[in-house]
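Only one structure is covered here, and it is reproduced in the block below.
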2 protein chains.
Amino acid sequence: MPIVTIEWKKGKVKIIDQTKLPLRLVHIYCEDVKTLREAIFSLKIRGAPALGIAGAFGVVLGMQNSSATDFPSFRRELEEVIDYLSSSRPTAVDLFWALKRMRNCAEKSKDQEIPRIKDALQEEALQIIQEDKTRSRQMAKEGAHLIKDGDRILTHCNAGALVTADYGTALGVIYRAKEEGKTVTVFADETRPLLQGARLTTWELLQAGVEVTLICDNMAGDLMQRRKIDKVLVGADRIASNGDVANKIGTYTVAVLAKENKVPFYVVCPISSIDLEIPSGKMIPIEQRNCQEVTEFGRKRVAPPGVKVYNPAFDITPARYVTGIITEKGMYRPPYRETLKEVKG
Amino acid sequence: MPIVTIEWKKGKVKIIDQTKLPLRLVHIYCEDVKTLREAIFSLKIRGAPALGIAGAFGVVLGMQNSSATDFPSFRRELEEVIDYLSSSRPTAVDLFWALKRMRNCAEKSKDQEIPRIKDALQEEALQIIQEDKTRSRQMAKEGAHLIKDGDRILTHCNAGALVTADYGTALGVIYRAKEEGKTVTVFADETRPLLQGARLTTWELLQAGVEVTLICDNMAGDLMQRRKIDKVLVGADRIASNGDVANKIGTYTVAVLAKENKVPFYVVCPISSIDLEIPSGKMIPIEQRNCQEVTEFGRKRVAPPGVKVYNPAFDITPARYVTGIITEKGMYRPPYRETLKEVKG
């Protein structure tokens, strides 16, 4: 059963509600930009590439009922919709990349009739989905070269089918390796506070028949120390031009452990996640999220009332911990400031 | 309000049920060894020094109704009770240390009347509690020397009043520093899967008026990278003669991060936690616990049925990551194989 994270269905955006996984597979049909933006904000849909697709379709939904009759009016509304979607989540550059594409698409079509511009936007969004499928498969192929039969791989967060239209980033590599006949086993850390590893990664992998063992985030070090991990594969929300990587909180910790234990640490992401306008990780905005994510489990308090909480959703892994960055165009190695230059943003 | 983790009250062992914290402060009165052993096994009482005290009183409870009339019979029953308690949890050496003391106490009294031996056992257990209080305070004093005004300290698991009869180990140092007029703020990592950090450490510290911020385990690295942590203070369940430290799972990870970020990493524990019979961490038995601790939160499943789980309760921090071991006899520094020799087991 293929996992379809997001698709365009008869004028609506149909998404899996990832907050309900793994216990229930529920879909939401977003008919307006407000519903889609709420879905992004509350992580019903998440993962950098998926945010790009969602952003693109958010523009389609936001503009489909526009009553503008001239391009300047249309463009003004478009900018409002783009701002509205931009403010949903700050860290993953793919969202901003997709919104920029949609803006460019409108600009290119500015001499056309408004209905034709709306069609062009829808085609652009569908094109973004199509490219996402193609690049997922290409990324997976590039990454699978590195995987040996018998490899035991540690993953963090969820960078699989649920972050893309199709195959995934880090997990796509694993799916491809499996298709090539390699036996791969996965250790998925649960990824507190929202448990994308426990809820989403294990679910995907079990569906795909990949052997997976769930651990708490604080067990990865022990496994590496016991030589039970051959490689680490993670996704990325944004990569700076020097190769610093912003990814789900806890990634930096895994990278430090990997280096200390001489375990290769690979980042798998599309070129759209690389932001050459940002010189280093220090400049990447880090989303802070609600403290209830930490103090409650399914509405049950675990921490005493009144305790302060720190809840950054991402951290920065400095480039020196990154063995390689696997993209649809191949793997980039250090020194990233040089090698990433050829990436066109 | 002083936190009394465990006490002897009119022939019963009164303990705080730590599984109910922080939402409810509930006490259990153990009238027989079976109840006390179950409390140990299910972590109603936990933390290495507290396990020693519980073990000692487990012997008192187990033998108080003995109908043995001669010492060989008494000793046979005693060995059964000691075995029974030994099998409750394998990693913390303090439990075995206390059981050994109780055995020695009975041996010393073997020429006396059985009722007198029972009294001697009770007195020995009370002595163990008294020594625990004294050494807690002494440990705290030794450790507080290291703490500077304004220090921001990272803790892991719970090594406070709830692991001893009184003051605690790692948190005792913080309480003492506060009494000395130093301002200390704490970052407590929640410590999955059982959340001793979220539930117990934050609770204790808030009670004591110490500023504490709760984080997920995977956020410690980010804090250290941002230079927000001045020192790490943890407890220990067992220290090998070479200085390798067995402590709550995740400690090794914190130690690696601390070394990478040049943050001093201190272990605070009583001499009874040092096991000179064990040459290195490899030989320390690591308790594995039920997978439901990972896959469920308060009885709600978060991971799909059928997923494998790895759930070790402890990990080993190699001696080279340990800046110092603070005990009631002072701080031991590397090379531990030499400096720990003077510790009498």
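Lettering and numbering for the structure tokens are positional, with chains as A, B, ... in the shown order, residues counted from 1 in each chain, and ligands counted from 1 in the shown order.
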Using only C-alpha atoms, find the residues of chain B whose closest atom to chain A is at most 8 Å away, then write them as a compact mmCIF listing (two decimals) with all heavy atoms, in the first residue's frame.
```
# COMPACT_ATOMS: atom_id res chain seq x y z
N PRO B 22 4.77 13.44 39.24
CA PRO B 22 4.63 14.57 40.15
C PRO B 22 3.18 14.94 40.48
O PRO B 22 2.95 15.86 41.24
CB PRO B 22 5.28 15.71 39.36
CG PRO B 22 4.88 15.44 37.96
CD PRO B 22 4.91 13.94 37.82
N LEU B 23 2.25 14.20 39.89
CA LEU B 23 0.87 14.67 40.07
C LEU B 23 0.32 14.37 41.45
O LEU B 23 -0.51 15.12 41.97
CB LEU B 23 -0.03 14.06 38.99
CG LEU B 23 0.37 14.43 37.55
CD1 LEU B 23 -0.61 13.84 36.56
CD2 LEU B 23 0.49 15.92 37.36
N THR B 191 14.60 12.33 30.55
CA THR B 191 15.04 10.96 30.80
C THR B 191 13.97 9.92 30.44
O THR B 191 13.32 9.33 31.30
CB THR B 191 15.52 10.77 32.26
OG1 THR B 191 16.37 11.86 32.61
CG2 THR B 191 16.35 9.48 32.40
N ARG B 192 13.83 9.75 29.15
CA ARG B 192 12.94 8.69 28.70
C ARG B 192 13.55 7.34 29.03
O ARG B 192 14.79 7.25 29.20
CB ARG B 192 12.72 8.83 27.18
CG ARG B 192 11.61 9.83 26.86
CD ARG B 192 10.24 9.18 26.98
NE ARG B 192 9.95 8.29 25.89
CZ ARG B 192 9.12 7.26 25.99
NH1 ARG B 192 8.53 6.98 27.13
NH2 ARG B 192 8.90 6.51 24.94
N PRO B 193 12.81 6.20 29.10
CA PRO B 193 11.37 6.21 28.91
C PRO B 193 10.56 6.55 30.15
O PRO B 193 9.39 6.91 30.02
CB PRO B 193 11.09 4.76 28.49
CG PRO B 193 12.16 3.96 29.17
CD PRO B 193 13.37 4.84 29.21
N LEU B 195 10.93 8.94 32.44
CA LEU B 195 10.79 10.37 32.73
C LEU B 195 11.12 10.76 34.17
O LEU B 195 10.46 11.65 34.73
CB LEU B 195 9.36 10.82 32.38
CG LEU B 195 8.94 10.55 30.93
CD1 LEU B 195 7.44 10.79 30.76
CD2 LEU B 195 9.71 11.46 29.98
N ALA B 198 11.71 14.51 34.12
CA ALA B 198 10.51 15.32 33.98
C ALA B 198 9.62 15.25 35.23
O ALA B 198 9.03 16.25 35.65
CB ALA B 198 9.71 14.87 32.76
N ARG B 199 9.51 14.06 35.78
CA ARG B 199 8.54 13.86 36.87
C ARG B 199 9.13 14.12 38.26
O ARG B 199 8.47 14.70 39.12
CB ARG B 199 7.98 12.44 36.84
CG ARG B 199 7.21 12.09 35.58
CD ARG B 199 6.60 10.69 35.68
NE ARG B 199 7.58 9.64 35.86
CZ ARG B 199 7.80 8.98 37.00
NH1 ARG B 199 7.11 9.25 38.09
NH2 ARG B 199 8.73 8.05 37.06
N THR B 202 12.32 17.70 38.34
CA THR B 202 11.68 19.02 38.30
C THR B 202 10.84 19.22 39.56
O THR B 202 10.84 20.30 40.14
CB THR B 202 10.78 19.18 37.06
OG1 THR B 202 9.78 18.16 37.08
CG2 THR B 202 11.58 19.12 35.79
N TRP B 203 10.18 18.19 39.99
CA TRP B 203 9.32 18.28 41.18
C TRP B 203 10.14 18.65 42.42
O TRP B 203 9.81 19.59 43.14
CB TRP B 203 8.60 16.95 41.39
CG TRP B 203 7.69 16.90 42.58
CD1 TRP B 203 6.45 17.48 42.70
CD2 TRP B 203 7.94 16.24 43.82
NE1 TRP B 203 5.91 17.21 43.93
CE2 TRP B 203 6.79 16.44 44.65
CE3 TRP B 203 8.99 15.49 44.33
CZ2 TRP B 203 6.69 15.93 45.93
CZ3 TRP B 203 8.89 14.96 45.62
CH2 TRP B 203 7.74 15.19 46.41
N LEU B 206 11.60 22.28 42.12
CA LEU B 206 10.58 23.32 42.32
C LEU B 206 10.24 23.43 43.80
O LEU B 206 10.11 24.53 44.34
CB LEU B 206 9.32 23.01 41.50
CG LEU B 206 9.42 23.26 40.00
CD1 LEU B 206 8.15 22.81 39.30
CD2 LEU B 206 9.69 24.73 39.70
N VAL B 212 14.41 25.66 37.49
CA VAL B 212 14.69 24.50 36.63
C VAL B 212 13.94 24.63 35.32
O VAL B 212 12.80 25.08 35.28
CB VAL B 212 14.34 23.19 37.36
CG1 VAL B 212 12.90 23.17 37.83
CG2 VAL B 212 14.61 21.98 36.47
N THR B 213 14.62 24.24 34.25
CA THR B 213 14.00 24.20 32.92
C THR B 213 14.05 22.76 32.44
O THR B 213 15.10 22.11 32.47
CB THR B 213 14.79 25.09 31.93
OG1 THR B 213 14.77 26.45 32.41
CG2 THR B 213 14.17 25.04 30.54
N LEU B 214 12.91 22.28 31.99
CA LEU B 214 12.80 20.91 31.50
C LEU B 214 13.09 20.87 30.00
O LEU B 214 12.63 21.73 29.25
CB LEU B 214 11.38 20.40 31.77
CG LEU B 214 11.00 19.02 31.22
CD1 LEU B 214 11.85 17.93 31.86
CD2 LEU B 214 9.52 18.75 31.45
N ILE B 215 13.84 19.86 29.59
CA ILE B 215 14.12 19.67 28.17
C ILE B 215 13.93 18.19 27.83
O ILE B 215 13.92 17.34 28.71
CB ILE B 215 15.56 20.07 27.79
CG1 ILE B 215 16.59 19.21 28.54
CG2 ILE B 215 15.80 21.55 28.04
CD1 ILE B 215 18.03 19.38 28.05
N CYS B 216 13.79 17.93 26.54
CA CYS B 216 13.84 16.54 26.10
C CYS B 216 15.31 16.11 26.08
O CYS B 216 16.21 16.95 25.98
CB CYS B 216 13.24 16.39 24.70
SG CYS B 216 11.49 16.76 24.67
N ASP B 217 15.55 14.80 26.16
CA ASP B 217 16.92 14.31 26.20
C ASP B 217 17.73 14.78 24.99
O ASP B 217 18.93 15.03 25.10
CB ASP B 217 16.92 12.77 26.25
CG ASP B 217 16.15 12.25 27.46
OD1 ASP B 217 16.06 12.96 28.47
OD2 ASP B 217 15.63 11.11 27.38
N ASN B 218 17.05 14.91 23.87
CA ASN B 218 17.78 15.24 22.63
C ASN B 218 18.10 16.72 22.48
O ASN B 218 18.57 17.16 21.43
CB ASN B 218 17.01 14.73 21.41
CG ASN B 218 15.63 15.35 21.26
OD1 ASN B 218 15.36 16.41 21.78
ND2 ASN B 218 14.76 14.66 20.53
N MET B 219 17.83 17.51 23.53
CA MET B 219 18.10 18.96 23.48
C MET B 219 19.38 19.35 24.23
O MET B 219 19.82 20.50 24.12
CB MET B 219 16.91 19.74 24.05
CG MET B 219 15.64 19.56 23.22
SD MET B 219 14.18 20.24 24.04
CE MET B 219 12.88 19.67 22.91
N ALA B 220 19.95 18.42 24.97
CA ALA B 220 21.13 18.76 25.77
C ALA B 220 22.28 19.24 24.88
O ALA B 220 23.00 20.18 25.22
CB ALA B 220 21.57 17.56 26.60
N GLY B 221 22.44 18.55 23.75
CA GLY B 221 23.52 18.92 22.84
C GLY B 221 23.39 20.35 22.36
O GLY B 221 24.35 21.13 22.36
N ASP B 222 22.19 20.70 21.95
CA ASP B 222 21.92 22.06 21.48
C ASP B 222 22.26 23.10 22.56
O ASP B 222 22.90 24.11 22.30
CB ASP B 222 20.44 22.16 21.09
CG ASP B 222 20.03 23.56 20.70
OD1 ASP B 222 20.34 23.97 19.56
OD2 ASP B 222 19.43 24.26 21.52
N ILE B 249 20.36 5.17 31.38
CA ILE B 249 20.54 5.24 29.94
C ILE B 249 20.48 6.70 29.47
O ILE B 249 19.62 7.48 29.92
CB ILE B 249 19.45 4.39 29.22
CG1 ILE B 249 19.69 4.34 27.72
CG2 ILE B 249 18.05 4.95 29.51
CD1 ILE B 249 20.89 3.54 27.30
N GLY B 250 21.43 7.03 28.62
CA GLY B 250 21.51 8.41 28.15
C GLY B 250 22.67 9.18 28.78
O GLY B 250 23.06 10.23 28.27
N THR B 251 23.22 8.65 29.85
CA THR B 251 24.33 9.33 30.52
C THR B 251 25.55 9.36 29.61
O THR B 251 26.24 10.38 29.50
CB THR B 251 24.68 8.62 31.84
OG1 THR B 251 23.52 8.58 32.68
CG2 THR B 251 25.81 9.35 32.57
N TYR B 252 25.83 8.24 28.96
CA TYR B 252 26.97 8.19 28.04
C TYR B 252 26.85 9.28 26.97
O TYR B 252 27.81 9.97 26.66
CB TYR B 252 27.05 6.80 27.40
CG TYR B 252 27.95 6.75 26.18
CD1 TYR B 252 29.33 6.93 26.30
CD2 TYR B 252 27.43 6.54 24.91
CE1 TYR B 252 30.15 6.90 25.18
CE2 TYR B 252 28.24 6.50 23.79
CZ TYR B 252 29.61 6.69 23.93
OH TYR B 252 30.41 6.67 22.81
N THR B 253 25.66 9.44 26.42
CA THR B 253 25.43 10.47 25.41
C THR B 253 25.74 11.86 25.95
O THR B 253 26.40 12.67 25.30
CB THR B 253 23.97 10.41 24.91
OG1 THR B 253 23.79 9.21 24.16
CG2 THR B 253 23.63 11.60 24.04
N VAL B 256 29.51 12.32 26.25
CA VAL B 256 30.18 12.57 24.96
C VAL B 256 29.95 14.01 24.52
O VAL B 256 30.89 14.70 24.09
CB VAL B 256 29.65 11.59 23.88
CG1 VAL B 256 30.15 11.99 22.49
CG2 VAL B 256 30.08 10.16 24.21
N LEU B 257 28.73 14.47 24.66
CA LEU B 257 28.43 15.87 24.31
C LEU B 257 29.23 16.83 25.18
O LEU B 257 29.72 17.86 24.70
CB LEU B 257 26.94 16.15 24.49
CG LEU B 257 26.00 15.51 23.48
CD1 LEU B 257 24.56 15.63 23.97
CD2 LEU B 257 26.14 16.16 22.11
N GLU B 260 32.83 16.93 24.02
CA GLU B 260 32.93 17.62 22.73
C GLU B 260 32.79 19.14 22.90
O GLU B 260 33.39 19.91 22.16
CB GLU B 260 31.84 17.09 21.79
CG GLU B 260 31.93 17.56 20.37
CD GLU B 260 33.10 16.94 19.59
OE1 GLU B 260 33.82 16.10 20.14
OE2 GLU B 260 33.27 17.31 18.42
N VAL B 294 8.55 2.00 26.44
CA VAL B 294 8.89 2.83 25.28
C VAL B 294 7.69 3.05 24.37
O VAL B 294 7.47 4.15 23.87
CB VAL B 294 10.04 2.18 24.47
CG1 VAL B 294 10.36 3.00 23.22
CG2 VAL B 294 11.28 2.04 25.35
N THR B 295 6.90 1.99 24.17
CA THR B 295 5.83 2.07 23.16
C THR B 295 4.55 2.68 23.68
O THR B 295 3.65 2.97 22.88
CB THR B 295 5.49 0.67 22.61
OG1 THR B 295 5.03 -0.15 23.68
CG2 THR B 295 6.69 0.04 21.95
N PHE B 297 2.58 5.56 26.43
CA PHE B 297 2.66 6.68 27.36
C PHE B 297 1.38 6.63 28.15
O PHE B 297 0.30 6.83 27.58
CB PHE B 297 2.72 8.02 26.59
CG PHE B 297 4.10 8.41 26.20
CD1 PHE B 297 4.61 8.08 24.95
CD2 PHE B 297 4.91 9.12 27.07
CE1 PHE B 297 5.90 8.44 24.59
CE2 PHE B 297 6.20 9.50 26.72
CZ PHE B 297 6.69 9.15 25.47
N GLY B 298 1.49 6.34 29.43
CA GLY B 298 0.27 6.26 30.23
C GLY B 298 -0.79 5.38 29.56
O GLY B 298 -1.92 5.79 29.37
N LYS B 300 -1.32 4.65 26.61
CA LYS B 300 -1.71 4.95 25.24
C LYS B 300 -0.55 4.54 24.33
O LYS B 300 0.58 4.99 24.53
CB LYS B 300 -2.01 6.43 25.09
CG LYS B 300 -2.58 6.76 23.72
CD LYS B 300 -2.79 8.24 23.50
CE LYS B 300 -3.06 8.47 22.00
NZ LYS B 300 -3.04 9.88 21.64
N ARG B 301 -0.82 3.71 23.35
CA ARG B 301 0.22 3.30 22.41
C ARG B 301 0.65 4.47 21.54
O ARG B 301 -0.20 5.19 21.01
CB ARG B 301 -0.33 2.23 21.46
CG ARG B 301 -0.15 0.81 21.87
CD ARG B 301 -0.14 -0.10 20.64
NE ARG B 301 1.21 -0.22 20.13
CZ ARG B 301 2.06 -1.15 20.50
NH1 ARG B 301 1.73 -2.05 21.40
NH2 ARG B 301 3.28 -1.18 19.98
N VAL B 302 1.96 4.59 21.37
CA VAL B 302 2.42 5.60 20.42
C VAL B 302 3.09 4.97 19.21
O VAL B 302 3.25 5.60 18.17
CB VAL B 302 3.37 6.64 21.06
CG1 VAL B 302 2.62 7.47 22.07
CG2 VAL B 302 4.59 5.99 21.66
N ALA B 303 3.54 3.72 19.36
CA ALA B 303 4.22 3.04 18.26
C ALA B 303 3.33 1.93 17.74
O ALA B 303 2.51 1.40 18.48
CB ALA B 303 5.55 2.48 18.76
N PRO B 304 3.51 1.56 16.47
CA PRO B 304 2.64 0.53 15.91
C PRO B 304 2.86 -0.82 16.60
O PRO B 304 3.97 -1.12 17.02
CB PRO B 304 3.07 0.44 14.44
CG PRO B 304 4.21 1.33 14.25
CD PRO B 304 4.49 2.06 15.49
N VAL B 307 6.27 -3.61 16.58
CA VAL B 307 7.61 -3.05 16.39
C VAL B 307 8.54 -3.59 17.47
O VAL B 307 8.15 -3.76 18.63
CB VAL B 307 7.56 -1.51 16.41
CG1 VAL B 307 7.32 -0.96 17.81
CG2 VAL B 307 8.82 -0.90 15.84
N LYS B 308 9.77 -3.89 17.09
CA LYS B 308 10.75 -4.32 18.07
C LYS B 308 11.19 -3.11 18.88
O LYS B 308 11.15 -1.96 18.41
CB LYS B 308 11.98 -4.88 17.36
CG LYS B 308 11.76 -6.18 16.67
CD LYS B 308 13.08 -6.69 16.09
CE LYS B 308 12.84 -8.02 15.39
NZ LYS B 308 14.03 -8.53 14.76
N VAL B 309 11.63 -3.39 20.09
CA VAL B 309 12.08 -2.30 20.96
C VAL B 309 13.38 -2.69 21.65
O VAL B 309 13.59 -3.86 21.98
CB VAL B 309 11.00 -2.00 22.04
CG1 VAL B 309 11.51 -0.99 23.07
CG2 VAL B 309 9.73 -1.48 21.40
N TYR B 310 14.23 -1.72 21.86
CA TYR B 310 15.45 -1.92 22.65
C TYR B 310 15.30 -1.01 23.85
O TYR B 310 15.08 0.20 23.68
CB TYR B 310 16.66 -1.54 21.79
CG TYR B 310 18.02 -1.62 22.47
CD1 TYR B 310 18.47 -2.80 23.03
CD2 TYR B 310 18.86 -0.52 22.49
CE1 TYR B 310 19.73 -2.89 23.61
CE2 TYR B 310 20.13 -0.59 23.07
CZ TYR B 310 20.55 -1.78 23.63
OH TYR B 310 21.80 -1.84 24.21
N ASN B 311 15.38 -1.56 25.07
CA ASN B 311 15.12 -0.75 26.25
C ASN B 311 16.08 -1.06 27.41
O ASN B 311 15.66 -1.56 28.45
CB ASN B 311 13.66 -0.92 26.71
CG ASN B 311 13.28 0.03 27.85
OD1 ASN B 311 13.95 1.04 28.08
ND2 ASN B 311 12.21 -0.29 28.55
N PRO B 312 17.35 -0.72 27.23
CA PRO B 312 18.27 -0.90 28.34
C PRO B 312 18.07 0.24 29.34
O PRO B 312 17.86 1.38 28.94
CB PRO B 312 19.64 -0.77 27.67
CG PRO B 312 19.40 0.15 26.53
CD PRO B 312 17.99 -0.12 26.05
N ASP B 315 23.47 2.76 30.77
CA ASP B 315 24.57 2.63 29.82
C ASP B 315 25.87 2.89 30.57
O ASP B 315 25.86 3.22 31.77
CB ASP B 315 24.41 3.52 28.57
CG ASP B 315 24.31 5.02 28.85
OD1 ASP B 315 24.81 5.50 29.89
OD2 ASP B 315 23.72 5.71 27.99
N ILE B 316 26.98 2.68 29.84
CA ILE B 316 28.30 2.80 30.48
C ILE B 316 29.02 4.02 29.93
O ILE B 316 29.20 4.16 28.71
CB ILE B 316 29.16 1.55 30.17
CG1 ILE B 316 28.45 0.28 30.65
CG2 ILE B 316 30.54 1.68 30.83
CD1 ILE B 316 28.25 0.17 32.13
```
Exercise for the section: Identify, on the basis of only C-alpha atoms, every residue whose closest approach to Thr164 in chain B does not exceed 8 Å; exclude the query and any residue fewer than 4 positions from it along the same chain; express the result as a count of residues only. Expected result: 12
As a CSV table (one decimal) with N, CA, C and O atoms, in the first residue's frame, please: all residues of range 147-333 of chain B that backbone DSSP puts in alpha helix (DSSP H).
```
chain,number,residue,atom,x,y,z
B,170,ALA,N,23.6,14.0,43.2
B,170,ALA,CA,23.9,15.2,42.3
B,170,ALA,C,23.1,16.4,42.8
B,170,ALA,O,23.6,17.5,42.8
B,171,LEU,N,21.8,16.2,43.1
B,171,LEU,CA,21.0,17.4,43.5
B,171,LEU,C,21.4,17.9,44.8
B,171,LEU,O,21.2,19.1,45.2
B,172,GLY,N,21.9,17.0,45.7
B,172,GLY,CA,22.4,17.4,47.0
B,172,GLY,C,23.4,18.5,46.9
B,172,GLY,O,23.4,19.5,47.6
B,173,VAL,N,24.3,18.4,45.9
B,173,VAL,CA,25.3,19.4,45.6
B,173,VAL,C,24.6,20.7,45.3
B,173,VAL,O,25.1,21.8,45.8
B,174,ILE,N,23.6,20.6,44.5
B,174,ILE,CA,22.9,21.9,44.1
B,174,ILE,C,22.2,22.5,45.4
B,174,ILE,O,22.2,23.7,45.6
B,175,TYR,N,21.6,21.7,46.2
B,175,TYR,CA,20.9,22.2,47.4
B,175,TYR,C,21.9,22.9,48.3
B,175,TYR,O,21.7,24.0,48.8
B,176,ARG,N,23.1,22.2,48.4
B,176,ARG,CA,24.1,22.8,49.3
B,176,ARG,C,24.6,24.1,48.7
B,176,ARG,O,24.8,25.1,49.5
B,177,ALA,N,24.8,24.2,47.4
B,177,ALA,CA,25.3,25.4,46.8
B,177,ALA,C,24.3,26.5,47.0
B,177,ALA,O,24.7,27.7,47.3
B,178,LYS,N,23.1,26.2,46.9
B,178,LYS,CA,22.0,27.2,47.2
B,178,LYS,C,22.1,27.7,48.6
B,178,LYS,O,22.0,28.9,48.9
B,179,GLU,N,22.2,26.7,49.5
B,179,GLU,CA,22.3,27.1,51.0
B,179,GLU,C,23.5,28.0,51.2
B,179,GLU,O,23.5,28.9,52.1
B,196,GLN,N,12.1,10.1,34.7
B,196,GLN,CA,12.5,10.5,36.1
B,196,GLN,C,12.9,12.0,36.1
B,196,GLN,O,12.7,12.7,37.2
B,202,THR,N,12.3,17.7,38.3
B,202,THR,CA,11.7,19.0,38.3
B,202,THR,C,10.8,19.2,39.6
B,202,THR,O,10.8,20.3,40.1
B,203,TRP,N,10.2,18.2,40.0
B,203,TRP,CA,9.3,18.3,41.2
B,203,TRP,C,10.1,18.6,42.4
B,203,TRP,O,9.8,19.6,43.1
B,204,GLU,N,11.2,17.9,42.6
B,204,GLU,CA,12.1,18.2,43.8
B,204,GLU,C,12.6,19.6,43.7
B,204,GLU,O,12.6,20.3,44.8
B,205,LEU,N,13.1,20.0,42.6
B,205,LEU,CA,13.8,21.3,42.5
B,205,LEU,C,12.8,22.4,42.7
B,205,LEU,O,13.1,23.4,43.3
B,206,LEU,N,11.6,22.3,42.1
B,206,LEU,CA,10.6,23.3,42.3
B,206,LEU,C,10.2,23.4,43.8
B,206,LEU,O,10.1,24.5,44.3
B,207,GLN,N,10.1,22.3,44.5
B,207,GLN,CA,9.8,22.3,45.9
B,207,GLN,C,10.9,23.1,46.7
B,207,GLN,O,10.6,23.7,47.7
B,220,ALA,N,20.0,18.4,25.0
B,220,ALA,CA,21.1,18.8,25.8
B,220,ALA,C,22.3,19.2,24.9
B,220,ALA,O,23.0,20.2,25.2
B,221,GLY,N,22.4,18.5,23.7
B,221,GLY,CA,23.5,18.9,22.8
B,221,GLY,C,23.4,20.4,22.4
B,221,GLY,O,24.3,21.1,22.4
B,222,ASP,N,22.2,20.7,21.9
B,222,ASP,CA,21.9,22.1,21.5
B,222,ASP,C,22.3,23.1,22.6
B,222,ASP,O,22.9,24.1,22.3
B,223,LEU,N,21.9,22.8,23.8
B,223,LEU,CA,22.2,23.8,24.9
B,223,LEU,C,23.7,23.9,25.1
B,223,LEU,O,24.2,25.0,25.3
B,224,MET,N,24.4,22.8,25.1
B,224,MET,CA,25.8,22.9,25.3
B,224,MET,C,26.5,23.6,24.1
B,224,MET,O,27.4,24.4,24.3
B,225,GLN,N,26.0,23.4,22.9
B,225,GLN,CA,26.6,24.0,21.7
B,225,GLN,C,26.4,25.5,21.8
B,225,GLN,O,27.2,26.3,21.4
B,251,THR,N,23.2,8.6,29.8
B,251,THR,CA,24.3,9.3,30.5
B,251,THR,C,25.6,9.4,29.6
B,251,THR,O,26.2,10.4,29.5
B,252,TYR,N,25.8,8.2,29.0
B,252,TYR,CA,27.0,8.2,28.0
B,252,TYR,C,26.8,9.3,27.0
B,252,TYR,O,27.8,10.0,26.7
B,253,THR,N,25.7,9.4,26.4
B,253,THR,CA,25.4,10.5,25.4
B,253,THR,C,25.7,11.9,26.0
B,253,THR,O,26.4,12.7,25.3
B,254,VAL,N,25.2,12.1,27.2
B,254,VAL,CA,25.5,13.5,27.8
B,254,VAL,C,27.0,13.6,28.0
B,254,VAL,O,27.6,14.7,27.7
B,255,ALA,N,27.7,12.6,28.4
B,255,ALA,CA,29.1,12.7,28.6
B,255,ALA,C,29.9,13.0,27.3
B,255,ALA,O,30.8,13.8,27.3
B,256,VAL,N,29.5,12.3,26.3
B,256,VAL,CA,30.2,12.6,25.0
B,256,VAL,C,30.0,14.0,24.5
B,256,VAL,O,30.9,14.7,24.1
B,257,LEU,N,28.7,14.5,24.7
B,257,LEU,CA,28.4,15.9,24.3
B,257,LEU,C,29.2,16.8,25.2
B,257,LEU,O,29.7,17.9,24.7
B,258,ALA,N,29.3,16.5,26.5
B,258,ALA,CA,30.1,17.4,27.4
B,258,ALA,C,31.5,17.5,27.0
B,258,ALA,O,32.1,18.6,26.9
B,259,LYS,N,32.1,16.3,26.6
B,259,LYS,CA,33.5,16.4,26.3
B,259,LYS,C,33.7,17.2,25.0
B,259,LYS,O,34.6,18.0,24.9
B,260,GLU,N,32.8,16.9,24.0
B,260,GLU,CA,32.9,17.6,22.7
B,260,GLU,C,32.8,19.1,22.9
B,260,GLU,O,33.4,19.9,22.2
B,292,GLN,N,7.1,-2.0,26.8
B,292,GLN,CA,5.9,-1.1,26.9
B,292,GLN,C,6.3,0.3,27.5
B,292,GLN,O,5.6,1.3,27.2
B,293,GLU,N,7.4,0.3,28.2
B,293,GLU,CA,7.8,1.6,28.7
B,293,GLU,C,8.1,2.5,27.6
B,293,GLU,O,8.0,3.8,27.7
B,294,VAL,N,8.5,2.0,26.4
B,294,VAL,CA,8.9,2.8,25.3
B,294,VAL,C,7.7,3.1,24.4
B,294,VAL,O,7.5,4.1,23.9
B,295,THR,N,6.9,2.0,24.2
B,295,THR,CA,5.8,2.1,23.2
B,295,THR,C,4.5,2.7,23.7
B,295,THR,O,3.6,3.0,22.9
```
Exercise for the section: Could you tell me how far CA of Ile114 in chain A lies from CA of Arg76 in chain A, in Å and to one decimal? Expected result: 13.2 Å
Exercise for the section: Choose the residue, out of B:Ile271, B:Val232, B:Ala120, B:Leu25, that has the smallest atom-to-atom separation from Cys105 in chain B; count only C-alpha atoms. Expected result: B:Ala120
Exercise for the section: Return as number ranges by chain the full set of residues in range 85-312 of chain A whose backbone-based DSSP assignment is strand (DSSP E). Expected result: A: 152-155, 185-189, 211-215, 231-234, 238-240, 245-248, 265-268, 274-275, 296-297, 300-301, 308-309
Problem - Residues within 8 Å of Tyr84 in chain A, only C-alpha atoms, excluding chain neighbours under 4 positions, as JSON, numbers by chain - result: {"A": [37, 80, 88]}
Hey, can you spit out that residue selection with N, CA, C and O atoms as a short mmCIF file (atom, residue, chain, number, x, y, z; two decimals), in the first residue's frame?
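Wrote part08.cif, looks like this:
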```
data_model
loop_
_atom_site.label_atom_id
_atom_site.label_comp_id
_atom_site.auth_asym_id
_atom_site.auth_seq_id
_atom_site.Cartn_x
_atom_site.Cartn_y
_atom_site.Cartn_z
N ARG A 37 -3.03 25.74 5.95
CA ARG A 37 -2.03 26.37 6.80
C ARG A 37 -2.11 25.83 8.23
O ARG A 37 -1.08 25.60 8.88
N GLU A 80 -0.27 38.32 -0.17
CA GLU A 80 -0.88 38.06 1.15
C GLU A 80 -0.93 36.57 1.44
O GLU A 80 -0.63 36.13 2.56
N SER A 88 3.78 30.09 8.60
CA SER A 88 3.32 28.87 9.28
C SER A 88 4.46 28.20 10.04
O SER A 88 4.30 27.80 11.18
#
```
